[in-house]
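One file, coords.tsv, carrying TSV, C-alpha atoms:
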chain	number	residue	atom	x	y	z
Z	209	MET	CA	44.91	161.09	12.83
Z	210	LEU	CA	45.84	157.41	12.88
Z	211	LEU	CA	49.18	158.17	11.20
Z	212	LYS	CA	49.87	161.00	13.67
Z	213	GLY	CA	49.14	158.69	16.57
Z	214	LEU	CA	51.46	156.03	15.22
Z	215	LEU	CA	54.24	158.58	14.79
Z	216	LEU	CA	53.82	159.80	18.37
Z	217	CYS	CA	54.01	156.23	19.65
Z	218	LEU	CA	57.16	155.63	17.60
Z	219	VAL	CA	58.80	158.77	19.01
Z	220	ALA	CA	57.94	157.68	22.56
Z	221	ILE	CA	59.39	154.20	21.98
Z	222	LEU	CA	62.62	155.63	20.53
Z	223	ALA	CA	62.98	158.09	23.41
Z	224	ALA	CA	62.58	155.32	25.93
Z	225	ALA	CA	65.26	153.28	24.18
Z	226	LEU	CA	67.83	156.08	24.21
Z	227	PRO	CA	70.17	156.52	27.18
Z	228	GLY	CA	68.68	158.77	29.84
Z	229	PRO	CA	70.30	161.95	31.12
Z	230	VAL	CA	72.93	161.82	33.83
Z	231	GLN	CA	71.19	161.60	37.18
Z	232	SER	CA	70.65	165.02	38.76
Z	233	ASP	CA	72.15	165.95	42.11
Z	234	ASP	CA	68.53	166.65	43.16
Z	235	THR	CA	68.14	162.92	43.69
Z	236	TYR	CA	70.92	162.67	46.30
Z	237	PRO	CA	70.80	160.53	48.33
Z	238	ASN	CA	68.86	157.77	46.63
Z	239	ARG	CA	70.71	154.70	47.96
Z	240	THR	CA	72.59	153.48	51.00
Z	241	VAL	CA	75.55	155.63	52.04
Z	242	GLU	CA	78.84	154.05	53.08
Z	243	TRP	CA	79.95	155.80	56.27
Z	244	VAL	CA	83.66	155.11	56.77
Z	245	VAL	CA	85.24	155.20	60.23
Z	246	PRO	CA	89.06	155.20	59.85
Z	247	PHE	CA	89.49	153.56	63.26
Z	248	GLY	CA	88.62	150.20	64.77
Z	249	PRO	CA	85.29	149.29	66.38
Z	250	GLY	CA	84.56	150.28	69.97
Z	251	GLY	CA	86.37	153.64	70.03
Z	252	GLY	CA	84.91	157.12	70.26
Z	253	SER	CA	84.65	157.63	66.50
Z	254	ASP	CA	82.90	154.29	66.08
Z	255	ARG	CA	80.39	155.17	68.80
Z	256	TRP	CA	79.59	158.45	67.08
Z	257	ALA	CA	79.02	156.69	63.76
Z	258	ARG	CA	76.74	154.01	65.23
Z	259	ILE	CA	74.59	156.48	67.12
Z	260	MET	CA	74.27	158.88	64.19
Z	261	SER	CA	73.42	156.03	61.82
Z	262	SER	CA	70.37	155.18	63.96
Z	263	ALA	CA	68.72	158.40	62.76
Z	264	ALA	CA	70.02	158.34	59.17
Z	265	ILE	CA	66.90	157.10	57.38
Z	266	ASP	CA	64.62	159.78	58.80
Z	267	ALA	CA	67.04	162.71	58.99
Z	268	PHE	CA	69.39	161.97	56.09
Z	269	GLY	CA	67.01	160.25	53.72
Z	270	GLN	CA	68.91	156.98	53.37
Z	271	ALA	CA	70.40	154.31	55.58
Z	272	TRP	CA	74.10	154.30	56.40
Z	273	HIS	CA	76.36	151.30	56.24
Z	274	VAL	CA	79.04	151.97	58.85
Z	275	ARG	CA	82.35	150.49	57.74
Z	276	ASN	CA	85.43	150.39	59.97
Z	277	ARG	CA	88.65	150.85	57.99
Z	278	GLY	CA	91.14	151.24	60.83
Z	279	GLY	CA	94.91	151.27	60.66
Z	280	GLU	CA	97.92	153.53	60.15
Z	281	GLU	CA	96.51	156.33	62.32
Z	282	GLY	CA	93.43	156.61	60.13
Z	283	ARG	CA	95.27	156.66	56.84
Z	284	LEU	CA	93.79	153.39	55.53
Z	285	GLY	CA	90.25	154.73	55.81
Z	286	TRP	CA	91.21	157.96	54.07
Z	287	ARG	CA	92.87	156.11	51.20
Z	288	TYR	CA	89.78	153.95	50.89
Z	289	MET	CA	87.59	157.05	50.57
Z	290	LEU	CA	89.86	158.53	47.90
Z	291	GLY	CA	89.64	155.30	45.92
Z	292	ARG	CA	85.85	155.41	45.75
Z	293	PRO	CA	83.72	157.45	43.27
Z	294	ALA	CA	83.34	161.15	44.05
Z	295	ASP	CA	79.57	160.92	44.28
Z	296	GLY	CA	78.90	161.48	47.98
Z	297	TYR	CA	78.08	157.86	48.73
Z	298	THR	CA	81.37	157.23	50.54
Z	299	ILE	CA	81.64	159.60	53.50
Z	300	LEU	CA	84.62	159.71	55.84
Z	301	GLN	CA	84.08	160.50	59.51
Z	302	GLY	CA	87.51	161.84	60.30
Z	303	SER	CA	89.43	163.59	63.02
Z	304	MET	CA	92.68	165.50	63.19
Z	305	THR	CA	94.58	162.25	63.79
Z	306	PRO	CA	94.75	161.17	60.11
Z	307	SER	CA	95.19	164.84	59.16
Z	308	VAL	CA	98.26	165.06	61.39
Z	309	ALA	CA	99.50	161.74	60.02
Z	310	ALA	CA	99.27	163.16	56.50
Z	311	LEU	CA	101.17	166.28	57.60
Z	312	ARG	CA	103.93	164.16	59.13
Z	313	ASP	CA	104.34	161.86	56.14
Z	314	PRO	CA	104.38	163.68	52.78
Z	315	ASP	CA	105.08	160.40	50.96
Z	316	MET	CA	101.94	158.65	52.15
Z	317	GLY	CA	100.03	159.23	48.91
Z	318	PHE	CA	97.66	162.04	49.90
Z	319	ARG	CA	97.70	165.40	51.63
Z	320	PRO	CA	95.55	166.55	54.57
Z	321	ASP	CA	93.63	168.85	52.22
Z	322	ASP	CA	92.68	165.97	49.89
Z	323	VAL	CA	89.13	166.11	51.23
Z	324	LYS	CA	86.07	168.32	51.03
Z	325	ILE	CA	84.95	169.06	54.57
Z	326	ALA	CA	81.16	168.81	54.84
Z	327	ALA	CA	80.71	169.52	58.57
Z	328	PHE	CA	82.18	169.41	62.05
Z	329	ILE	CA	80.14	167.26	64.42
Z	330	SER	CA	81.97	167.73	67.70
Z	331	SER	CA	84.97	169.23	69.44
Z	332	ILE	CA	86.78	166.69	71.59
Z	333	LYS	CA	87.90	167.74	75.03
Z	334	THR	CA	91.19	166.00	75.69
Z	335	HIS	CA	91.37	164.52	79.18
Z	336	LEU	CA	94.42	162.96	80.74
Z	337	VAL	CA	93.62	159.79	82.69
Z	338	ALA	CA	95.88	157.74	84.96
Z	339	LEU	CA	95.50	154.50	86.85
Z	340	SER	CA	93.97	155.04	90.25
Z	341	GLY	CA	96.62	155.18	92.96
Z	342	SER	CA	99.49	155.48	90.47
Z	343	GLY	CA	100.67	158.82	91.80
Z	344	PHE	CA	99.74	160.50	88.53
Z	345	ASP	CA	95.98	160.53	89.14
Z	346	ASP	CA	95.91	163.82	91.07
Z	347	TRP	CA	96.62	167.01	89.12
Z	348	ASP	CA	98.35	168.91	91.93
Z	349	GLU	CA	100.64	165.96	92.70
Z	350	PHE	CA	101.33	165.33	89.03
Z	351	ALA	CA	102.19	168.98	88.33
Z	352	ALA	CA	104.37	169.21	91.45
Z	353	ARG	CA	106.47	166.15	90.62
Z	354	SER	CA	107.02	167.06	86.98
Z	355	PRO	CA	109.92	169.56	87.39
Z	356	SER	CA	111.96	167.28	89.65
Z	357	GLY	CA	111.23	163.84	88.21
Z	358	ALA	CA	111.41	162.23	84.80
Z	359	PRO	CA	108.75	163.50	82.37
Z	360	ALA	CA	105.51	161.56	82.58
Z	361	ARG	CA	104.87	159.15	79.71
Z	362	ILE	CA	101.67	160.19	77.94
Z	363	GLY	CA	100.10	158.13	75.16
Z	364	GLY	CA	97.35	158.86	72.67
Z	365	THR	CA	96.55	159.50	69.04
Z	366	PRO	CA	98.68	162.18	67.32
Z	367	ALA	CA	95.93	164.83	67.45
Z	368	MET	CA	95.15	164.19	71.10
Z	369	LEU	CA	98.85	164.23	71.95
Z	370	LEU	CA	99.32	167.58	70.23
Z	371	ALA	CA	96.43	169.02	72.21
Z	372	ALA	CA	97.82	167.53	75.42
Z	373	ALA	CA	101.38	168.70	74.76
Z	374	THR	CA	100.24	172.22	73.95
Z	375	GLY	CA	98.13	172.44	77.09
Z	376	LEU	CA	100.83	171.03	79.37
Z	377	ASP	CA	103.45	173.36	77.91
Z	378	ARG	CA	101.20	176.31	78.67
Z	379	LEU	CA	100.95	175.05	82.25
Z	380	GLY	CA	104.72	174.54	82.54
Z	381	VAL	CA	104.52	170.74	82.78
Z	382	SER	CA	106.85	168.52	80.75
Z	383	ALA	CA	105.88	165.16	79.27
Z	384	SER	CA	107.23	162.34	77.13
Z	385	LEU	CA	104.86	161.68	74.21
Z	386	HIS	CA	104.05	158.21	72.86
Z	387	SER	CA	101.93	157.98	69.71
Z	388	TYR	CA	99.32	155.26	69.03
Z	389	SER	CA	97.11	154.59	66.01
Z	390	GLY	CA	93.94	154.67	68.08
Z	391	THR	CA	92.71	155.56	71.53
Z	392	GLY	CA	92.04	151.90	72.28
Z	393	GLU	CA	95.72	151.08	71.85
Z	394	ALA	CA	96.71	153.92	74.18
Z	395	VAL	CA	94.25	152.72	76.83
Z	396	LEU	CA	95.63	149.18	76.65
Z	397	ALA	CA	99.14	150.58	77.06
Z	398	LEU	CA	97.97	152.52	80.13
Z	399	LEU	CA	96.37	149.46	81.70
Z	400	ALA	CA	99.55	147.48	81.01
Z	401	GLY	CA	101.71	150.08	82.72
Z	402	GLU	CA	103.58	151.00	79.54
Z	403	ILE	CA	102.63	154.69	79.91
Z	404	ASP	CA	101.69	156.83	82.90
Z	405	LEU	CA	98.73	158.69	81.41
Z	406	ALA	CA	96.53	158.47	78.34
Z	407	ALA	CA	95.03	161.37	76.40
Z	408	VAL	CA	91.40	160.43	75.73
Z	409	SER	CA	87.94	161.86	75.01
Z	410	THR	CA	85.19	162.31	77.60
Z	411	SER	CA	83.35	159.18	76.52
Z	412	THR	CA	86.50	157.12	77.07
Z	413	VAL	CA	86.80	158.61	80.56
Z	414	PHE	CA	83.30	157.26	81.21
Z	415	SER	CA	84.26	153.79	79.96
Z	416	LEU	CA	87.30	153.70	82.26
Z	417	ALA	CA	85.35	154.42	85.44
Z	418	GLY	CA	86.75	152.31	88.29
Z	419	ARG	CA	89.99	151.56	86.45
Z	420	ALA	CA	91.45	154.99	85.70
Z	421	SER	CA	90.87	158.50	87.02
Z	422	PRO	CA	90.65	161.76	85.05
Z	423	VAL	CA	93.49	164.10	85.97
Z	424	ILE	CA	92.81	167.24	83.95
Z	425	ASN	CA	90.60	168.53	81.14
Z	426	LEU	CA	92.83	170.17	78.51
Z	427	GLY	CA	89.96	171.04	76.17
Z	428	ALA	CA	88.72	174.43	75.02
Z	429	ARG	CA	85.71	174.30	77.39
Z	430	ASP	CA	85.01	173.19	80.93
Z	431	ASN	CA	82.95	170.06	81.49
Z	432	THR	CA	79.22	170.53	81.84
Z	433	PRO	CA	77.49	169.99	85.21
Z	434	ALA	CA	76.06	166.70	83.92
Z	435	ILE	CA	79.54	165.42	83.04
Z	436	LYS	CA	80.95	166.58	86.37
Z	437	GLU	CA	78.29	164.53	88.15
Z	438	ARG	CA	79.72	161.42	86.52
Z	439	ILE	CA	83.48	162.00	86.57
Z	440	GLY	CA	83.89	164.60	89.28
Z	441	ASP	CA	85.02	168.22	89.17
Z	442	VAL	CA	88.14	167.59	87.10
Z	443	PRO	CA	90.51	170.58	86.93
Z	444	TRP	CA	90.08	172.52	83.68
Z	445	ILE	CA	93.03	174.18	81.97
Z	446	GLY	CA	91.03	177.37	81.49
Z	447	ALA	CA	90.50	177.72	85.24
Z	448	LEU	CA	94.25	177.28	85.70
Z	449	GLY	CA	95.00	180.31	83.56
Z	450	ALA	CA	95.82	178.71	80.20
Z	451	VAL	CA	93.95	178.15	76.94
Z	452	GLY	CA	92.97	174.65	75.86
Z	453	ILE	CA	92.51	173.19	72.39
Z	454	GLY	CA	89.40	171.54	70.98
Z	455	VAL	CA	90.07	168.60	68.64
Z	456	PRO	CA	87.27	168.39	66.06
Z	457	ARG	CA	85.54	165.37	64.63
Z	458	TRP	CA	84.79	166.16	61.01
Z	459	VAL	CA	82.87	164.71	58.10
Z	460	GLY	CA	84.36	164.81	54.63
Z	461	VAL	CA	84.18	163.35	51.13
Z	462	HIS	CA	86.30	162.90	48.02
Z	463	PRO	CA	87.70	166.31	46.93
Z	464	ASP	CA	86.04	166.02	43.50
Z	465	THR	CA	82.54	165.61	44.96
Z	466	PRO	CA	80.09	168.21	43.54
Z	467	ASP	CA	79.46	171.14	45.87
Z	468	GLU	CA	75.70	170.57	45.69
Z	469	VAL	CA	76.13	167.07	47.09
Z	470	VAL	CA	78.46	168.29	49.84
Z	471	GLU	CA	75.85	170.87	50.85
Z	472	ARG	CA	73.22	168.14	51.11
Z	473	ILE	CA	75.53	166.03	53.24
Z	474	SER	CA	76.19	169.00	55.50
Z	475	GLY	CA	72.49	169.68	55.96
Z	476	GLY	CA	71.67	166.02	56.50
Z	477	VAL	CA	74.35	165.64	59.16
Z	478	GLY	CA	72.97	168.73	60.90
Z	479	ARG	CA	69.48	167.22	60.97
Z	480	ILE	CA	70.82	163.97	62.41
Z	481	LEU	CA	72.67	165.81	65.18
Z	482	ALA	CA	69.45	167.67	66.04
Z	483	ASP	CA	67.49	164.40	66.39
Z	484	LYS	CA	66.29	164.01	69.98
Z	485	SER	CA	67.35	160.38	70.27
Z	486	VAL	CA	70.86	161.18	69.02
Z	487	VAL	CA	71.17	164.11	71.43
Z	488	LYS	CA	70.05	161.91	74.32
Z	489	LEU	CA	72.41	159.04	73.51
Z	490	MET	CA	75.38	161.34	73.03
Z	491	ALA	CA	74.70	162.96	76.40
Z	492	ARG	CA	74.70	159.55	78.06
Z	493	LEU	CA	78.17	158.94	76.64
Z	494	GLY	CA	79.40	162.30	77.83
Z	495	GLU	CA	79.81	163.52	74.26
Z	496	GLU	CA	78.89	167.07	73.33
Z	497	ILE	CA	77.51	167.90	69.89
Z	498	HIS	CA	79.03	170.96	68.25
Z	499	TYR	CA	77.81	171.13	64.66
Z	500	LEU	CA	79.44	173.47	62.17
Z	501	PRO	CA	78.06	173.58	58.61
Z	502	ARG	CA	80.21	173.21	55.55
Z	503	ASP	CA	81.57	176.72	54.98
Z	504	VAL	CA	82.51	177.41	58.59
Z	505	ALA	CA	83.88	173.90	59.13
Z	506	ALA	CA	86.05	174.02	56.00
Z	507	ALA	CA	87.59	177.36	56.96
Z	508	THR	CA	88.22	176.19	60.53
Z	509	TYR	CA	89.83	172.99	59.24
Z	510	GLU	CA	92.33	174.99	57.19
Z	511	GLU	CA	93.23	177.09	60.23
Z	512	LEU	CA	93.73	173.96	62.34
Z	513	LEU	CA	96.03	172.43	59.74
Z	514	GLU	CA	98.23	175.50	59.93
Z	515	ARG	CA	98.31	175.28	63.73
Z	516	MET	CA	99.02	171.56	63.74
Z	517	ASN	CA	101.85	172.03	61.25
Z	518	GLU	CA	103.50	174.45	63.67
Z	519	LEU	CA	103.35	171.84	66.46
Z	520	LEU	CA	104.70	168.83	64.57
Z	521	ASP	CA	108.17	169.09	66.06
Z	522	ARG	CA	106.70	168.04	69.41
Z	523	MET	CA	105.63	164.66	68.11
Z	524	PRO	CA	107.73	161.51	68.71

Rewrite the structure of this file - the entire thing - as structure tokens.
Amino acid sequence: MLLKGLLLCLVAILAAALPGPVQSDDTYPNRTVEWVVPFGPGGGSDRWARIMSSAAIDAFGQAWHVRNRGGEEGRLGWRYMLGRPADGYTILQGSMTPSVAALRDPDMGFRPDDVKIAAFISSIKTHLVALSGSGFDDWDEFAARSPSGAPARIGGTPAMLLAAATGLDRLGVSASLHSYSGTGEAVLALLAGEIDLAAVSTSTVFSLAGRASPVINLGARDNTPAIKERIGDVPWIGALGAVGIGVPRWVGVHPDTPDEVVERISGGVGRILADKSVVKLMARLGEEIHYLPRDVAAATYEELLERMNELLDRMP
């Protein structure tokens, strides 16, 4: 019995000394997640990341470290994500802006499908805003002057510009498009008088209260009553007889990330977006949560890439 006991102890010691098995996906996440925002601080994407991160520990299971990697229309952040391990611990909160940038520049080092889409978190409603009293801040006046005068100069990110250009074309209004790496840059150009209107999200309309006026909502849905209370009953493209375009915010990871991990990310993001505090804070910003889980989001993303590719000739 003594010999048997010694042998069992020896086996246990040897087993402990051998390398353990590769960590199972069942443990994900078991450490802090790096949440990459491919735009600078203070913009709409950054606000989404900060608010969602406040509920990460409880709803996702681990804290998030929000990292801004802005530049080159979101391409720097995407490249950063592709350079990290495909383990689900580097998550990119993207939009169609870097996707469009990748479509426009095939030599940039990656393609717009070099990502596994885990979820959609929102659908941006593109609003055009103009400086108050500029003559562009009233939709009827703006639309009436378009055929006879020079095309209005509209600035924004590539994705927002594509949505704006598509909507205006459907309404018979011409425009001159000016592309910027981020919404913040477009807003600064508007305030400096370098452009006539800026294509922005609802939350940016809120932040510009008193300085710029919303002219039209070119999104896929009308503004909610709560939003209208804050920014007024802005004309909606749908009520004018045309169809708008929603620009999604998406969450994605390295394309080699295991599907099991992507599913967990998708579910965790969904739980965060259902958190009462997140819902309340987003509503205060005028942002609307529209969560799509992995399978639906990935299919929709592919469809949007096809549509965006058809519209690229409208970009400056």

Which of these, Z:Leu284, Z:Ile435, Z:Met260, Z:Leu339, has the shortest distance to Met316 of chain Z once you count all atoms listed in the file?
->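 Ranked by minimum distance to Met316 of chain Z, first place goes to Z:Leu284.
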
Kindly provide the residues of segment 228-284 of chain Z that approach segment 400-423 of chain Z to within 10 Å, each paired with its closest atom pair and their distance in Å to one decimal, based on only C-alpha atoms, listed by chain and increasing number, as a tab-separated table.
residue	atom	partner	partner_atom	distance
Z:Gly251	CA	Z:Thr412	CA	7.9
Z:Gly252	CA	Z:Ser411	CA	6.8
Z:Arg255	CA	Z:Ser411	CA	9.2

Filtering to C-alpha atoms, could you give me those residues as an mmCIF file, in the coordinates of the input?
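Generated output (selection-v9.cif):
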data_model
loop_
_atom_site.group_PDB
_atom_site.id
_atom_site.type_symbol
_atom_site.label_atom_id
_atom_site.label_comp_id
_atom_site.auth_asym_id
_atom_site.auth_seq_id
_atom_site.Cartn_x
_atom_site.Cartn_y
_atom_site.Cartn_z
ATOM 1 C CA GLY Z 251 86.370 153.640 70.030
ATOM 2 C CA GLY Z 252 84.910 157.120 70.260
ATOM 3 C CA ARG Z 255 80.390 155.170 68.800
#

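Once only C-alpha atoms are considered, the residues situated within 12 Å of the file point (91.3, 147.9, 70.9) turn out to be Phe247, Gly248, Pro249, Gly250, Gly251, Gly252, Asp254, Gly278, Gly279, Tyr388, Ser389, Gly390, Thr391, Gly392, Glu393, Ala394, Val395, Leu396 and Ala397 of chain Z.
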
Which polymer residues have any atom within 12 Å of an atom of Phe318 of chain Z, counting only C-alpha atoms, with same-chain residues fewer than 2 positions away left out, as a list in words?
-> Arg283, Leu284, Gly285, Trp286, Arg287, Tyr288, Met289, Leu290, Gly291, Pro306, Ser307, Val308, Ala309, Ala310, Leu311, Arg312, Asp313, Pro314, Asp315, Met316, Pro320, Asp321, Asp322, Val323, His462 and Pro463 of chain Z

Check the smallest atom-to-atom distance from each of Z:Val337, Z:Val451, Z:Ala358, Z:Ala267 to Leu376 of chain Z using only C-alpha atoms, then report the winner.
->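 Under the stated criterion, the closest residue is Z:Val451.
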
From the set Z:Ala507, Z:Met490, Z:Leu513, Z:Ile480, which residue has the shortest atom-to-atom contact distance to Ala271 of chain Z, counting all atoms listed in the file?
-> Z:Ile480

Name the residues in contact with Ala434 of chain Z at a cut-off of 10 Å, using all atoms listed in the file, excluding same-chain residues fewer than 3 positions from it; report them as a PDB file with C-alpha atoms, keeping the file's coordinate frame.
ATOM      1  CA  ASN Z 431      82.950 170.060  81.490  1.00  0.00           C
ATOM      2  CA  GLU Z 437      78.290 164.530  88.150  1.00  0.00           C
ATOM      3  CA  ARG Z 438      79.720 161.420  86.520  1.00  0.00           C
ATOM      4  CA  ILE Z 439      83.480 162.000  86.570  1.00  0.00           C
ATOM      5  CA  GLY Z 440      83.890 164.600  89.280  1.00  0.00           C
ATOM      6  CA  ALA Z 491      74.700 162.960  76.400  1.00  0.00           C
ATOM      7  CA  ARG Z 492      74.700 159.550  78.060  1.00  0.00           C
ATOM      8  CA  GLY Z 494      79.400 162.300  77.830  1.00  0.00           C
TER       9      GLY Z 494
END

Between atom CA of Val461 of chain Z and atom CA of Val274 of chain Z, what is the distance, to one decimal in Å?
->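 Between these atoms lies a distance of 14.7 Å.
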
Using only C-alpha atoms, determine which residues lie at most 8 Å from segment 241-243 of chain Z, disregarding the query and same-chain residues fewer than 3 positions distant; provide the list as a ChimeraX atom specification.
-> /Z:237,257,270-275,296-301

Find the residue from Z:Val469, Z:Gly363, Z:Ala506, Z:Ile332 that sits nearest to Ala428 of chain Z; use all atoms listed in the file when measuring.
->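 Using all atoms listed in the file, the shortest distance to Ala428 of chain Z belongs to Z:Ile332.
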
Residues within 12 Å of (100.3, 168.4, 80.5), file coords, only C-alpha atoms, listed as an MDAnalysis selection string = chainID Z and resid 334:337 344 347:348 350:352 354:355 359:363 368:385 404:407 423:427 443:445 448 450 452

Would you mind exporting the chosen residues as an mmCIF file, in the frame of the given file, restricted to C-alpha atoms?
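What landed in part.cif:
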data_model
loop_
_atom_site.group_PDB
_atom_site.id
_atom_site.type_symbol
_atom_site.label_atom_id
_atom_site.label_comp_id
_atom_site.auth_asym_id
_atom_site.auth_seq_id
_atom_site.Cartn_x
_atom_site.Cartn_y
_atom_site.Cartn_z
ATOM 1 C CA THR Z 334 91.190 166.000 75.690
ATOM 2 C CA HIS Z 335 91.370 164.520 79.180
ATOM 3 C CA LEU Z 336 94.420 162.960 80.740
ATOM 4 C CA VAL Z 337 93.620 159.790 82.690
ATOM 5 C CA PHE Z 344 99.740 160.500 88.530
ATOM 6 C CA TRP Z 347 96.620 167.010 89.120
ATOM 7 C CA ASP Z 348 98.350 168.910 91.930
ATOM 8 C CA PHE Z 350 101.330 165.330 89.030
ATOM 9 C CA ALA Z 351 102.190 168.980 88.330
ATOM 10 C CA ALA Z 352 104.370 169.210 91.450
ATOM 11 C CA SER Z 354 107.020 167.060 86.980
ATOM 12 C CA PRO Z 355 109.920 169.560 87.390
ATOM 13 C CA PRO Z 359 108.750 163.500 82.370
ATOM 14 C CA ALA Z 360 105.510 161.560 82.580
ATOM 15 C CA ARG Z 361 104.870 159.150 79.710
ATOM 16 C CA ILE Z 362 101.670 160.190 77.940
ATOM 17 C CA GLY Z 363 100.100 158.130 75.160
ATOM 18 C CA MET Z 368 95.150 164.190 71.100
ATOM 19 C CA LEU Z 369 98.850 164.230 71.950
ATOM 20 C CA LEU Z 370 99.320 167.580 70.230
ATOM 21 C CA ALA Z 371 96.430 169.020 72.210
ATOM 22 C CA ALA Z 372 97.820 167.530 75.420
ATOM 23 C CA ALA Z 373 101.380 168.700 74.760
ATOM 24 C CA THR Z 374 100.240 172.220 73.950
ATOM 25 C CA GLY Z 375 98.130 172.440 77.090
ATOM 26 C CA LEU Z 376 100.830 171.030 79.370
ATOM 27 C CA ASP Z 377 103.450 173.360 77.910
ATOM 28 C CA ARG Z 378 101.200 176.310 78.670
ATOM 29 C CA LEU Z 379 100.950 175.050 82.250
ATOM 30 C CA GLY Z 380 104.720 174.540 82.540
ATOM 31 C CA VAL Z 381 104.520 170.740 82.780
ATOM 32 C CA SER Z 382 106.850 168.520 80.750
ATOM 33 C CA ALA Z 383 105.880 165.160 79.270
ATOM 34 C CA SER Z 384 107.230 162.340 77.130
ATOM 35 C CA LEU Z 385 104.860 161.680 74.210
ATOM 36 C CA ASP Z 404 101.690 156.830 82.900
ATOM 37 C CA LEU Z 405 98.730 158.690 81.410
ATOM 38 C CA ALA Z 406 96.530 158.470 78.340
ATOM 39 C CA ALA Z 407 95.030 161.370 76.400
ATOM 40 C CA VAL Z 423 93.490 164.100 85.970
ATOM 41 C CA ILE Z 424 92.810 167.240 83.950
ATOM 42 C CA ASN Z 425 90.600 168.530 81.140
ATOM 43 C CA LEU Z 426 92.830 170.170 78.510
ATOM 44 C CA GLY Z 427 89.960 171.040 76.170
ATOM 45 C CA PRO Z 443 90.510 170.580 86.930
ATOM 46 C CA TRP Z 444 90.080 172.520 83.680
ATOM 47 C CA ILE Z 445 93.030 174.180 81.970
ATOM 48 C CA LEU Z 448 94.250 177.280 85.700
ATOM 49 C CA ALA Z 450 95.820 178.710 80.200
ATOM 50 C CA GLY Z 452 92.970 174.650 75.860
#

Would you work out the distance separating atom CA of Ser474 of chain Z from atom CA of Gly364 of chain Z, expressed in Å to one decimal?
-> 29.1 Å

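Picture a line from atom CA of Lys333 of chain Z to atom CA of Glu514 of chain Z; it runs 19.9 Å.
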
List the neighbours of Gly476 of chain Z out to 9 Å using only C-alpha atoms; skip same-chain residues closer than 5 positions along the sequence, and give me the result as a PyMOL selection string.
-> chain Z and resi 264+267-269+471+481

Determine, counting only C-alpha atoms, which protein, DNA and RNA residues have an atom within 12 Å of an atom of Gly475 of chain Z; residues of the same chain fewer than 6 positions away are not included. Present the result as a ChimeraX atom specification.
-> /Z:267-269,326-329,459,468-469,481-482,499-503

Mind filling out segment 388-398 of chain Z with N, CA, C and O atoms and sending it as an mmCIF file, in the coordinates of the input?
data_model
loop_
_atom_site.group_PDB
_atom_site.id
_atom_site.type_symbol
_atom_site.label_atom_id
_atom_site.label_comp_id
_atom_site.auth_asym_id
_atom_site.auth_seq_id
_atom_site.Cartn_x
_atom_site.Cartn_y
_atom_site.Cartn_z
ATOM 1 N N TYR Z 388 100.020 156.505 69.342
ATOM 2 C CA TYR Z 388 99.320 155.260 69.030
ATOM 3 C C TYR Z 388 98.327 155.511 67.898
ATOM 4 O O TYR Z 388 97.835 156.626 67.716
ATOM 5 N N SER Z 389 98.025 154.453 67.149
ATOM 6 C CA SER Z 389 97.110 154.590 66.010
ATOM 7 C C SER Z 389 95.691 154.901 66.432
ATOM 8 O O SER Z 389 94.950 155.546 65.704
ATOM 9 N N GLY Z 390 95.292 154.437 67.597
ATOM 10 C CA GLY Z 390 93.940 154.670 68.080
ATOM 11 C C GLY Z 390 93.913 154.813 69.589
ATOM 12 O O GLY Z 390 94.849 154.389 70.280
ATOM 13 N N THR Z 391 92.835 155.376 70.091
ATOM 14 C CA THR Z 391 92.710 155.560 71.530
ATOM 15 C C THR Z 391 92.697 154.225 72.261
ATOM 16 O O THR Z 391 93.246 154.100 73.366
ATOM 17 N N GLY Z 392 92.082 153.213 71.654
ATOM 18 C CA GLY Z 392 92.040 151.900 72.280
ATOM 19 C C GLY Z 392 93.416 151.351 72.579
ATOM 20 O O GLY Z 392 93.655 150.758 73.639
ATOM 21 N N GLU Z 393 94.351 151.553 71.646
ATOM 22 C CA GLU Z 393 95.720 151.080 71.850
ATOM 23 C C GLU Z 393 96.377 151.832 73.007
ATOM 24 O O GLU Z 393 97.108 151.241 73.816
ATOM 25 N N ALA Z 394 96.130 153.123 73.095
ATOM 26 C CA ALA Z 394 96.710 153.920 74.180
ATOM 27 C C ALA Z 394 96.159 153.478 75.530
ATOM 28 O O ALA Z 394 96.891 153.402 76.526
ATOM 29 N N VAL Z 395 94.862 153.168 75.578
ATOM 30 C CA VAL Z 395 94.250 152.720 76.830
ATOM 31 C C VAL Z 395 94.839 151.372 77.259
ATOM 32 O O VAL Z 395 95.139 151.155 78.441
ATOM 33 N N LEU Z 396 95.013 150.472 76.314
ATOM 34 C CA LEU Z 396 95.630 149.180 76.650
ATOM 35 C C LEU Z 396 97.048 149.363 77.180
ATOM 36 O O LEU Z 396 97.461 148.669 78.108
ATOM 37 N N ALA Z 397 97.786 150.301 76.587
ATOM 38 C CA ALA Z 397 99.140 150.580 77.060
ATOM 39 C C ALA Z 397 99.115 151.145 78.478
ATOM 40 O O ALA Z 397 99.976 150.815 79.312
ATOM 41 N N LEU Z 398 98.118 151.973 78.776
ATOM 42 C CA LEU Z 398 97.970 152.520 80.130
ATOM 43 C C LEU Z 398 97.689 151.405 81.124
ATOM 44 O O LEU Z 398 98.325 151.322 82.185
#
